[in-house]
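A.B. asks: Structure file model-v7.txt (compact mmCIF, C-alpha atoms) right here:
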```txt
# COMPACT_ATOMS: atom_id res chain seq x y z
CA MET A 1 -46.81 -45.07 -94.69
CA ALA A 2 -48.48 -44.14 -97.98
CA VAL A 3 -51.62 -43.04 -96.15
CA ARG A 4 -49.61 -40.81 -93.84
CA LYS A 5 -47.84 -39.25 -96.84
CA ASN A 6 -51.18 -38.63 -98.57
CA LEU A 7 -52.66 -37.00 -95.44
CA ALA A 8 -49.62 -34.75 -95.03
CA LEU A 9 -49.86 -33.74 -98.68
CA MET A 10 -53.59 -33.00 -98.33
CA LEU A 11 -53.04 -30.87 -95.22
CA LYS A 12 -50.21 -28.94 -96.94
CA THR A 13 -52.45 -28.23 -99.93
CA MET A 14 -55.35 -27.11 -97.69
CA ILE A 15 -53.14 -24.79 -95.64
CA SER A 16 -51.65 -23.19 -98.75
CA LYS A 17 -55.08 -22.78 -100.40
CA ASN A 18 -57.20 -21.71 -97.37
CA PRO A 19 -55.33 -21.37 -94.04
CA TRP A 20 -58.34 -19.82 -92.22
CA GLN A 21 -60.53 -22.81 -93.03
CA VAL A 22 -57.95 -25.10 -91.46
CA LEU A 23 -57.76 -22.93 -88.35
CA TYR A 24 -61.57 -22.88 -88.02
CA THR A 25 -61.68 -26.66 -88.36
CA ILE A 26 -59.06 -27.10 -85.63
CA ALA A 27 -60.87 -24.62 -83.33
CA ILE A 28 -64.23 -26.40 -83.79
CA ALA A 29 -62.67 -29.82 -83.13
CA ALA A 30 -60.96 -28.51 -79.98
CA SER A 31 -64.23 -26.96 -78.71
CA VAL A 32 -66.13 -30.18 -79.29
CA GLY A 33 -63.37 -32.17 -77.52
CA LEU A 34 -63.33 -29.80 -74.55
CA GLY A 35 -67.13 -29.97 -74.31
CA ILE A 36 -67.03 -33.76 -74.22
CA VAL A 37 -64.38 -33.77 -71.47
CA LEU A 38 -66.22 -31.18 -69.31
CA GLY A 39 -69.52 -32.98 -69.88
CA MET A 40 -68.02 -36.26 -68.76
CA GLN A 41 -66.61 -34.63 -65.63
CA HIS A 42 -69.99 -33.09 -64.82
CA PHE A 43 -71.77 -36.40 -65.41
CA SER A 44 -69.24 -38.23 -63.24
CA ALA A 45 -69.74 -35.80 -60.32
CA ALA A 46 -73.50 -36.20 -60.48
CA SER A 47 -73.51 -39.98 -60.98
CA PRO A 48 -74.98 -41.98 -58.09
CA LEU A 49 -72.94 -43.70 -55.39
CA THR A 50 -72.41 -47.42 -55.86
CA ALA A 51 -73.33 -48.88 -52.47
CA ALA A 52 -73.81 -46.04 -49.96
CA GLN A 53 -77.32 -45.11 -48.90
CA MET A 54 -77.45 -41.43 -47.98
CA LEU A 55 -79.81 -39.81 -45.49
CA PRO A 56 -82.07 -37.06 -46.85
CA GLU A 57 -80.57 -34.68 -44.26
CA PRO A 58 -77.31 -34.93 -42.24
CA LYS A 59 -77.90 -35.69 -38.56
CA PRO A 60 -75.44 -34.04 -36.11
CA LEU A 61 -73.93 -36.32 -33.49
CA THR A 62 -74.15 -34.79 -30.02
CA GLY A 63 -74.25 -35.57 -26.35
CA PHE A 64 -72.59 -38.92 -25.94
CA ILE A 65 -69.70 -39.94 -23.71
CA LEU A 66 -67.92 -43.21 -24.45
CA GLU A 67 -64.36 -44.45 -23.87
CA ASN A 68 -61.84 -45.25 -26.59
CA HIS A 69 -59.56 -48.29 -26.65
CA ARG A 70 -56.81 -46.28 -24.99
CA GLY A 71 -59.08 -45.57 -22.02
CA GLU A 72 -59.59 -41.92 -22.98
CA MET A 73 -62.96 -40.18 -22.95
CA ALA A 74 -64.56 -40.05 -26.40
CA SER A 75 -67.27 -37.55 -27.35
CA GLU A 76 -68.52 -36.13 -30.66
CA ASN A 77 -65.14 -34.41 -31.06
CA ILE A 78 -63.54 -37.65 -32.25
CA PHE A 79 -65.65 -37.41 -35.40
CA ARG A 80 -64.65 -33.87 -36.34
CA GLY A 81 -62.16 -33.11 -39.09
CA HIS A 82 -62.28 -36.43 -40.92
CA TRP A 83 -64.67 -38.96 -42.39
CA SER A 84 -65.58 -41.92 -40.17
CA LEU A 85 -67.03 -45.36 -40.76
CA VAL A 86 -68.73 -46.79 -37.68
CA PHE A 87 -69.40 -50.49 -37.13
CA PHE A 88 -71.09 -52.11 -34.10
CA GLY A 89 -70.01 -55.57 -32.91
CA PHE A 90 -68.27 -57.49 -30.15
CA THR A 91 -64.87 -59.10 -29.78
CA SER A 92 -66.10 -62.65 -29.02
CA CYS A 93 -67.69 -62.74 -32.48
CA PRO A 94 -65.81 -65.50 -34.34
CA ASP A 95 -67.17 -65.05 -37.83
CA TYR A 96 -68.98 -61.89 -38.89
CA CYS A 97 -67.05 -59.13 -37.07
CA PRO A 98 -63.59 -60.35 -38.18
CA MET A 99 -64.87 -60.57 -41.75
CA GLU A 100 -66.18 -56.99 -41.68
CA LEU A 101 -63.14 -55.58 -39.88
CA GLN A 102 -60.84 -57.21 -42.44
CA LYS A 103 -62.82 -55.42 -45.16
CA LEU A 104 -62.63 -52.07 -43.37
CA ALA A 105 -58.89 -52.56 -42.79
CA LYS A 106 -58.45 -53.23 -46.52
CA LEU A 107 -60.38 -50.07 -47.27
CA LEU A 108 -58.07 -48.04 -45.01
CA ASN A 109 -55.04 -49.52 -46.79
CA ARG A 110 -56.44 -48.84 -50.25
CA MET A 111 -57.54 -45.31 -49.40
CA GLY A 112 -54.09 -44.48 -48.11
CA ALA A 113 -55.97 -41.63 -46.48
CA GLY A 114 -53.84 -40.95 -43.43
CA ASP A 115 -56.02 -38.94 -41.07
CA GLU A 116 -58.78 -38.24 -43.61
CA LEU A 117 -60.69 -41.45 -42.86
CA GLN A 118 -61.06 -43.38 -39.61
CA VAL A 119 -62.79 -46.65 -38.81
CA VAL A 120 -64.58 -46.86 -35.47
CA PHE A 121 -65.50 -50.24 -33.97
CA VAL A 122 -68.10 -49.92 -31.20
CA SER A 123 -68.32 -52.89 -28.85
CA VAL A 124 -71.87 -53.43 -27.62
CA ASP A 125 -70.66 -56.05 -25.15
CA PRO A 126 -69.06 -54.00 -22.34
CA GLU A 127 -69.13 -56.81 -19.75
CA ARG A 128 -66.75 -58.98 -21.79
CA ASP A 129 -64.92 -56.27 -23.76
CA GLY A 130 -62.64 -54.44 -21.36
CA GLN A 131 -60.39 -51.63 -22.56
CA GLU A 132 -57.24 -53.73 -22.97
CA LYS A 133 -59.04 -56.53 -24.79
CA LEU A 134 -60.67 -54.01 -27.12
CA ALA A 135 -57.31 -52.35 -27.79
CA SER A 136 -55.56 -55.57 -28.81
CA TYR A 137 -58.60 -56.60 -30.83
CA VAL A 138 -58.82 -53.48 -33.01
CA HIS A 139 -55.04 -53.30 -33.37
CA PHE A 140 -55.00 -56.86 -34.72
CA PHE A 141 -57.02 -55.73 -37.74
CA HIS A 142 -55.49 -52.29 -38.34
CA PRO A 143 -53.54 -49.87 -36.14
CA GLN A 144 -55.80 -47.02 -37.29
CA ILE A 145 -59.06 -48.61 -36.14
CA ILE A 146 -60.48 -46.91 -33.06
CA GLY A 147 -62.35 -49.02 -30.50
CA LEU A 148 -65.18 -47.51 -28.44
CA ARG A 149 -66.88 -48.93 -25.37
CA GLY A 150 -69.10 -47.62 -22.60
CA SER A 151 -71.93 -48.35 -20.23
CA ASN A 152 -74.90 -50.29 -21.57
CA VAL A 153 -77.07 -47.19 -21.31
CA GLU A 154 -74.63 -44.97 -23.23
CA LEU A 155 -74.07 -47.65 -25.87
CA ALA A 156 -77.79 -48.15 -26.42
CA SER A 157 -78.30 -44.41 -26.83
CA PHE A 158 -75.35 -44.12 -29.24
CA ALA A 159 -76.51 -47.12 -31.31
CA ASN A 160 -80.09 -45.82 -31.32
CA PHE A 161 -78.89 -42.53 -32.81
CA PHE A 162 -77.69 -44.45 -35.88
CA GLY A 163 -80.60 -46.89 -35.86
CA ALA A 164 -78.15 -49.73 -35.16
CA ALA A 165 -80.21 -52.50 -33.59
CA TYR A 166 -78.65 -55.00 -31.22
CA ASP A 167 -79.57 -57.30 -28.34
CA ARG A 168 -78.02 -60.18 -26.44
CA SER A 169 -79.35 -63.63 -25.73
CA ALA A 170 -78.34 -66.57 -23.56
CA ILE A 171 -79.55 -69.99 -22.57
CA PHE A 172 -80.16 -69.76 -18.83
CA ASN A 173 -81.89 -72.44 -16.76
CA SER A 174 -82.84 -74.18 -20.04
CA LYS A 175 -84.66 -71.08 -21.26
CA VAL A 176 -83.73 -68.48 -23.86
CA LEU A 177 -83.02 -65.22 -22.06
CA SER A 178 -83.16 -62.10 -24.23
CA ILE A 179 -81.38 -59.00 -22.96
CA PRO A 180 -82.32 -55.82 -24.86
CA ALA A 181 -79.87 -53.02 -25.68
CA GLY A 182 -79.14 -50.84 -22.66
CA ILE A 183 -79.60 -53.56 -20.05
CA ASN A 184 -76.67 -55.04 -18.12
CA MET A 185 -75.98 -58.73 -18.65
CA PRO A 186 -77.03 -60.60 -15.47
CA VAL A 187 -73.92 -61.89 -13.69
CA GLU A 188 -75.42 -65.36 -13.23
CA VAL A 189 -75.49 -65.87 -17.03
CA GLY A 190 -71.70 -65.99 -17.07
CA GLU A 191 -69.69 -65.42 -20.25
CA GLN A 192 -71.53 -67.69 -22.69
CA TYR A 193 -74.05 -65.64 -24.61
CA GLN A 194 -74.76 -64.34 -28.06
CA VAL A 195 -74.76 -60.78 -29.32
CA ASN A 196 -77.02 -60.07 -32.27
CA HIS A 197 -75.97 -56.80 -33.85
CA SER A 198 -76.40 -54.46 -36.77
CA THR A 199 -74.63 -55.30 -40.02
CA ARG A 200 -74.56 -51.72 -41.31
CA VAL A 201 -71.49 -49.52 -41.56
CA PHE A 202 -72.47 -45.93 -40.77
CA MET A 203 -70.85 -42.85 -42.31
CA VAL A 204 -70.07 -39.68 -40.38
CA ASN A 205 -68.76 -36.62 -42.25
CA PRO A 206 -65.97 -34.29 -41.04
CA ALA A 207 -68.59 -31.95 -39.54
CA GLY A 208 -69.54 -34.76 -37.17
CA GLU A 209 -72.85 -35.51 -38.91
CA PHE A 210 -74.29 -38.94 -39.62
CA VAL A 211 -74.88 -38.87 -43.38
CA GLY A 212 -75.52 -42.43 -44.57
CA SER A 213 -74.61 -46.08 -44.37
CA PHE A 214 -73.51 -49.17 -46.25
CA THR A 215 -75.69 -52.25 -46.01
CA SER A 216 -74.14 -55.69 -45.97
CA PRO A 217 -73.09 -57.32 -48.20
CA TYR A 218 -70.92 -54.65 -49.80
CA SER A 219 -67.57 -54.98 -51.51
CA VAL A 220 -64.41 -53.09 -50.58
CA LYS A 221 -64.28 -51.91 -54.20
CA ASP A 222 -67.74 -50.31 -54.04
CA MET A 223 -67.06 -48.78 -50.65
CA LEU A 224 -63.73 -47.39 -51.89
CA PHE A 225 -65.43 -45.85 -54.94
CA ASP A 226 -68.12 -44.20 -52.82
CA MET A 227 -65.79 -42.94 -50.10
CA GLN A 228 -63.40 -41.44 -52.66
CA LYS A 229 -66.35 -39.72 -54.28
CA LEU A 230 -67.73 -38.40 -51.00
CA MET A 231 -64.29 -37.27 -49.91
CA GLY A 232 -63.75 -35.50 -53.25
CA ARG A 233 -60.67 -37.50 -54.17
CA MET B 1 -63.61 -97.02 -54.12
CA ASN B 2 -61.62 -99.22 -51.73
CA TYR B 3 -60.28 -98.19 -48.31
CA TYR B 4 -56.83 -97.14 -49.53
CA SER B 5 -58.07 -95.10 -52.47
CA ARG B 6 -60.52 -93.34 -50.15
CA VAL B 7 -57.75 -92.48 -47.72
CA ILE B 8 -55.55 -91.23 -50.59
CA ALA B 9 -58.46 -89.15 -51.91
CA GLY B 10 -58.94 -87.69 -48.45
CA VAL B 11 -55.29 -86.77 -48.16
CA CYS B 12 -55.34 -85.20 -51.64
CA PHE B 13 -58.40 -83.16 -50.80
CA CYS B 14 -57.27 -81.74 -47.50
CA GLY B 15 -53.66 -82.70 -46.93
CA LEU B 16 -54.66 -84.04 -43.55
CA ALA B 17 -54.45 -87.39 -41.86
CA SER B 18 -57.52 -89.32 -40.87
CA HIS B 19 -57.34 -92.22 -38.47
CA SER B 20 -60.73 -93.67 -39.34
CA ALA B 21 -62.29 -94.67 -42.63
CA ALA B 22 -62.95 -91.46 -44.56
CA GLN B 23 -66.70 -91.03 -44.57
CA VAL B 24 -66.40 -87.55 -45.99
CA LEU B 25 -63.65 -85.57 -47.67
CA VAL B 26 -62.75 -82.06 -46.69
CA GLU B 27 -60.77 -79.44 -48.58
CA ASN B 28 -59.67 -75.85 -47.86
CA ALA B 29 -60.07 -76.55 -44.16
CA TRP B 30 -58.53 -74.21 -41.61
CA VAL B 31 -58.92 -72.66 -38.18
CA GLN B 32 -59.06 -68.86 -38.49
CA LEU B 33 -56.53 -67.11 -36.27
CA ALA B 34 -58.29 -65.00 -33.65
CA PRO B 35 -56.97 -61.68 -32.33
CA PRO B 36 -54.94 -61.89 -29.09
CA ALA B 37 -56.92 -62.66 -25.91
CA ILE B 38 -59.98 -63.75 -27.87
CA ASN B 39 -60.97 -67.27 -26.91
CA VAL B 40 -63.17 -68.13 -29.88
CA ASN B 41 -62.03 -69.32 -33.30
CA ALA B 42 -64.01 -70.20 -36.41
CA VAL B 43 -63.30 -73.26 -38.56
CA TYR B 44 -64.10 -73.20 -42.28
CA MET B 45 -63.97 -75.95 -44.90
CA GLN B 46 -65.69 -77.54 -47.84
CA ILE B 47 -67.12 -80.96 -47.01
CA HIS B 48 -67.79 -83.50 -49.74
CA ASN B 49 -69.93 -86.53 -49.04
CA PRO B 50 -68.92 -89.14 -51.65
CA GLN B 51 -71.35 -91.73 -50.31
CA LEU B 52 -74.65 -92.69 -51.94
CA ARG B 53 -76.46 -91.93 -48.69
CA LEU B 54 -77.04 -88.85 -46.61
CA GLN B 55 -74.70 -88.50 -43.63
CA THR B 56 -75.39 -86.42 -40.57
CA ILE B 57 -72.81 -84.85 -38.28
CA VAL B 58 -74.38 -84.80 -34.82
CA SER B 59 -71.48 -83.29 -32.91
CA VAL B 60 -67.99 -81.88 -33.32
CA SER B 61 -65.11 -81.71 -30.88
CA ALA B 62 -61.55 -80.40 -30.97
CA ASP B 63 -58.53 -81.46 -28.95
CA CYS B 64 -57.52 -77.83 -28.37
CA CYS B 65 -60.69 -76.52 -26.86
CA ALA B 66 -63.30 -77.19 -24.20
CA LYS B 67 -66.13 -76.73 -26.66
CA ALA B 68 -66.78 -76.98 -30.40
CA MET B 69 -70.15 -76.17 -31.92
CA LEU B 70 -71.80 -76.05 -35.31
CA HIS B 71 -73.04 -72.54 -35.98
CA ASN B 72 -74.75 -70.61 -38.71
CA THR B 73 -74.42 -66.85 -39.17
CA ARG B 74 -77.66 -65.48 -40.57
CA LYS B 75 -78.93 -62.03 -41.44
CA LEU B 76 -82.23 -61.17 -39.85
CA GLY B 77 -83.34 -57.81 -41.20
CA ASP B 78 -80.48 -55.43 -40.44
CA LYS B 79 -79.08 -57.67 -37.72
CA VAL B 80 -76.71 -60.61 -37.87
CA VAL B 81 -77.55 -63.52 -35.59
CA MET B 82 -75.62 -66.67 -34.85
CA GLU B 83 -77.65 -69.86 -34.61
CA HIS B 84 -76.57 -73.07 -32.98
CA LEU B 85 -77.04 -76.10 -35.23
CA ASP B 86 -77.90 -79.38 -33.49
CA TYR B 87 -76.69 -81.35 -36.50
CA LEU B 88 -75.41 -80.90 -40.03
CA GLU B 89 -76.80 -82.96 -42.89
CA LEU B 90 -74.47 -83.85 -45.73
CA PRO B 91 -76.53 -84.87 -48.77
CA ALA B 92 -75.34 -87.86 -50.83
CA GLN B 93 -72.58 -87.04 -53.33
CA ALA B 94 -72.78 -83.33 -52.63
CA ASN B 95 -70.70 -80.52 -51.18
CA VAL B 96 -71.50 -78.49 -48.07
CA GLN B 97 -69.65 -75.23 -47.55
CA LEU B 98 -68.63 -73.95 -44.12
CA ALA B 99 -67.68 -70.40 -45.12
CA PRO B 100 -67.19 -66.94 -43.58
CA GLY B 101 -70.55 -65.26 -43.00
CA GLY B 102 -72.39 -68.60 -43.11
CA MET B 103 -72.11 -72.02 -41.50
CA HIS B 104 -68.95 -72.62 -39.49
CA ILE B 105 -67.60 -74.53 -36.52
CA MET B 106 -66.93 -72.39 -33.47
CA LEU B 107 -64.10 -73.43 -31.16
CA MET B 108 -64.39 -72.07 -27.63
CA GLU B 109 -62.22 -71.92 -24.53
CA PRO B 110 -58.88 -73.13 -25.94
CA ASP B 111 -56.48 -74.76 -23.46
CA ALA B 112 -53.85 -72.34 -24.77
CA GLU B 113 -54.19 -69.45 -27.23
CA LEU B 114 -54.18 -70.81 -30.80
CA THR B 115 -51.31 -69.42 -32.86
CA LEU B 116 -50.16 -69.89 -36.45
CA GLU B 117 -47.97 -72.76 -35.17
CA SER B 118 -50.88 -74.61 -33.52
CA LYS B 119 -52.26 -77.89 -34.87
CA VAL B 120 -55.87 -78.77 -34.14
CA LYS B 121 -57.42 -82.24 -34.28
CA LEU B 122 -61.10 -81.96 -35.13
CA THR B 123 -63.50 -84.88 -34.74
CA PHE B 124 -66.85 -85.31 -36.46
CA SER B 125 -69.34 -87.70 -34.82
CA TYR B 126 -71.97 -89.09 -37.18
CA SER B 127 -75.53 -90.21 -36.50
CA ASP B 128 -74.55 -93.84 -37.17
CA GLY B 129 -72.11 -93.72 -34.23
CA SER B 130 -68.93 -93.50 -36.31
CA THR B 131 -66.35 -90.75 -35.97
CA GLN B 132 -63.81 -89.14 -38.25
CA GLU B 133 -60.76 -87.03 -37.41
CA PHE B 134 -59.05 -84.25 -39.30
CA GLY B 135 -55.87 -82.34 -38.58
CA LEU B 136 -56.17 -78.61 -39.21
CA ASP B 137 -53.73 -75.71 -39.39
CA VAL B 138 -54.38 -72.28 -37.95
CA LYS B 139 -54.24 -69.58 -40.63
CA ASN B 140 -54.88 -65.86 -40.87
CA ASN B 141 -56.79 -65.97 -44.15
CA ASP B 142 -58.72 -63.24 -45.89
CA LEU B 143 -62.35 -63.90 -45.01
```
Could you render the structure from this file as structure tokens?
C.D. replies:
Amino acid sequence: MAVRKNLALMLKTMISKNPWQVLYTIAIAASVGLGIVLGMQHFSAASPLTAAQMLPEPKPLTGFILENHRGEMASENIFRGHWSLVFFGFTSCPDYCPMELQKLAKLLNRMGAGDELQVVFVSVDPERDGQEKLASYVHFFHPQIIGLRGSNVELASFANFFGAAYDRSAIFNSKVLSIPAGINMPVEVGEQYQVNHSTRVFMVNPAGEFVGSFTSPYSVKDMLFDMQKLMGR
Amino acid sequence: MNYYSRVIAGVCFCGLASHSAAQVLVENAWVQLAPPAINVNAVYMQIHNPQLRLQTIVSVSADCCAKAMLHNTRKLGDKVVMEHLDYLELPAQANVQLAPGGMHIMLMEPDAELTLESKVKLTFSYSDGSTQEFGLDVKNNDL
């Protein structure tokens, strides 16, 4: 209380003796404060992303035809006008895919982005992942997740564009059978086989260009930070 | 530790009933709910081997499903691969974690779709010929 009284008295004396000096002091303090704030904003905009790895140059997505989980044709147009995160997997995956899709669903909830961000789950197992199965699968994790499927050839080409490696393997006649991307699963193998797939989550910007990816393991927090930054939010 | 205290310890750890002598204790054990129409479920748990000797699980089975297997999810470069484990060693007086993104038990071909109301009886078979049963709930946990 005494300190406050003393300060008030000092200020009163200074104003009465030299009002211009007081005004100069206030102006200098305000300028310095404004400089600090603007500097911090500039530094923040230029600071690196937490987890995202960006490509040196954006890579436009073109010339693919897949099918979405509603059975509609999906081309590069589905990537235009909003940011997309693309993950490759398969629905019979008991451990890794559910874990990643839970994370991406959390991200969608935390972003609260509406149409500004979409998550795309691409099944690389078309023989087992029919349209209806894919639809109920993606909906289980989040109603806004889009499922994509297609022929083995189209899927391999689409995955290759992103550099998303995958293959399938089965034990057949007591031997390990490896089926590369793009090749149909032999009918005689049946439904018991493994799908080994990319762990990366790929980023596509609203211009429909592949711009970067997240490498596992990443946290929802880091991904949220980076996506908000990239989306200018 | 006598028989009764071991059984009580087992119940405290996992809240589950065991019909045989408790060779190991499990806690935080559950069957992860799978999306509709998906006929594979993962089982996660922490296993504690209180014995002074190593114990080895050589097979697992579940009353709900045609098949149960020990699996390990492993990153190989940029890819994730799932390996089949022929057995699982439980070192003496140590914990082994079956956790999302790592080792787990995969349940396949359920007789009926597993729901949050389902109860699953899981059986471990050990290398010494003994078996141990656990009752598990199905949960939709954050992985």
A.B. asks: Just to confirm, what's the straight-line distance from atom CA of A:Glu100 to atom CA of B:Phe124 in Å (one decimal)?
C.D. replies: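 We find that atom CA of A:Glu100 and atom CA of B:Phe124 lie 28.8 Å from each other.
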A.B. asks: Can you work out which one of A:Gly182, A:Gly89, A:Pro98, A:Pro206 has the shortest atom-to-atom distance to A:Ser151, counting all atoms listed in the file?
C.D. replies: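 Of the candidates, the smallest distance to A:Ser151 is held by A:Gly182.
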A.B. asks: Residues of chain B were defined as contacting chain A if any atom lay at most 8 Å from it, counting all atoms listed in the file; please report them as a PyMOL selection string.
C.D. replies: chain B and resi 34-42+73+78-82+100-101+104+106+142-143
A.B. asks: So the first atom is atom CA of A:Ser123 and the second is atom CA of A:His142; what is the distance between them in Å, to one decimal place?
C.D. replies: 16.0 Å
A.B. asks: Which one of B:Ser127, B:Gln132, B:Thr56, B:Gln46 sits closest to B:Glu89 if you count all atoms listed in the file?
C.D. replies: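 Among the listed residues, B:Thr56 lies closest to B:Glu89.
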A.B. asks: Would you place a box with edges along x, y and z of the file around all atoms of stretch 92-103 of chain A listed there, add 5 Å to each of its six sides, and report the centre and edge lengths in Å to one decimal, as AutoDock Vina command-line options?
C.D. replies:
```
--center_x -64.9 --center_y -60.5 --center_z -37.1 --size_x 18.1 --size_y 20.1 --size_z 26.1
```
A.B. asks: To one decimal place in Å, what is the distance between atom CA of A:Leu49 and atom CA of A:Met223?
C.D. replies: 9.1 Å
A.B. asks: Within 7 Å of A:Glu67, counting only C-alpha atoms, which residues show up once you throw out same-chain ones fewer than 5 positions away? Write them as a list in words, please.
C.D. replies: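 Once the adjacent positions are removed, what remains is Glu72, Met73, Ala74, Leu148, Arg149 and Gly150 of chain A.
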A.B. asks: Could you save those same residues with C-alpha atoms as an mmCIF file, in the coordinates of the input?
C.D. replies:
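Result written to result_1.cif:
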```cif
data_model
loop_
_atom_site.group_PDB
_atom_site.id
_atom_site.type_symbol
_atom_site.label_atom_id
_atom_site.label_comp_id
_atom_site.auth_asym_id
_atom_site.auth_seq_id
_atom_site.Cartn_x
_atom_site.Cartn_y
_atom_site.Cartn_z
ATOM 1 C CA GLU A 72 -59.590 -41.920 -22.980
ATOM 2 C CA MET A 73 -62.960 -40.180 -22.950
ATOM 3 C CA ALA A 74 -64.560 -40.050 -26.400
ATOM 4 C CA LEU A 148 -65.180 -47.510 -28.440
ATOM 5 C CA ARG A 149 -66.880 -48.930 -25.370
ATOM 6 C CA GLY A 150 -69.100 -47.620 -22.600
#
```
A.B. asks: Residues within 8 Å of A:Val122, please, as a PyMOL selection string. Count only C-alpha atoms; anything in the same chain fewer than 2 positions from it doesn't count.
C.D. replies: chain A and resi 86-90+120+124+147-149
A.B. asks: Just checking: using all atoms listed in the file, which residue out of A:Ala105, A:Leu55, A:Val201, A:Ala170 ends up closest to A:Pro186?
C.D. replies: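 Using all atoms listed in the file, the shortest distance to A:Pro186 belongs to A:Ala170.
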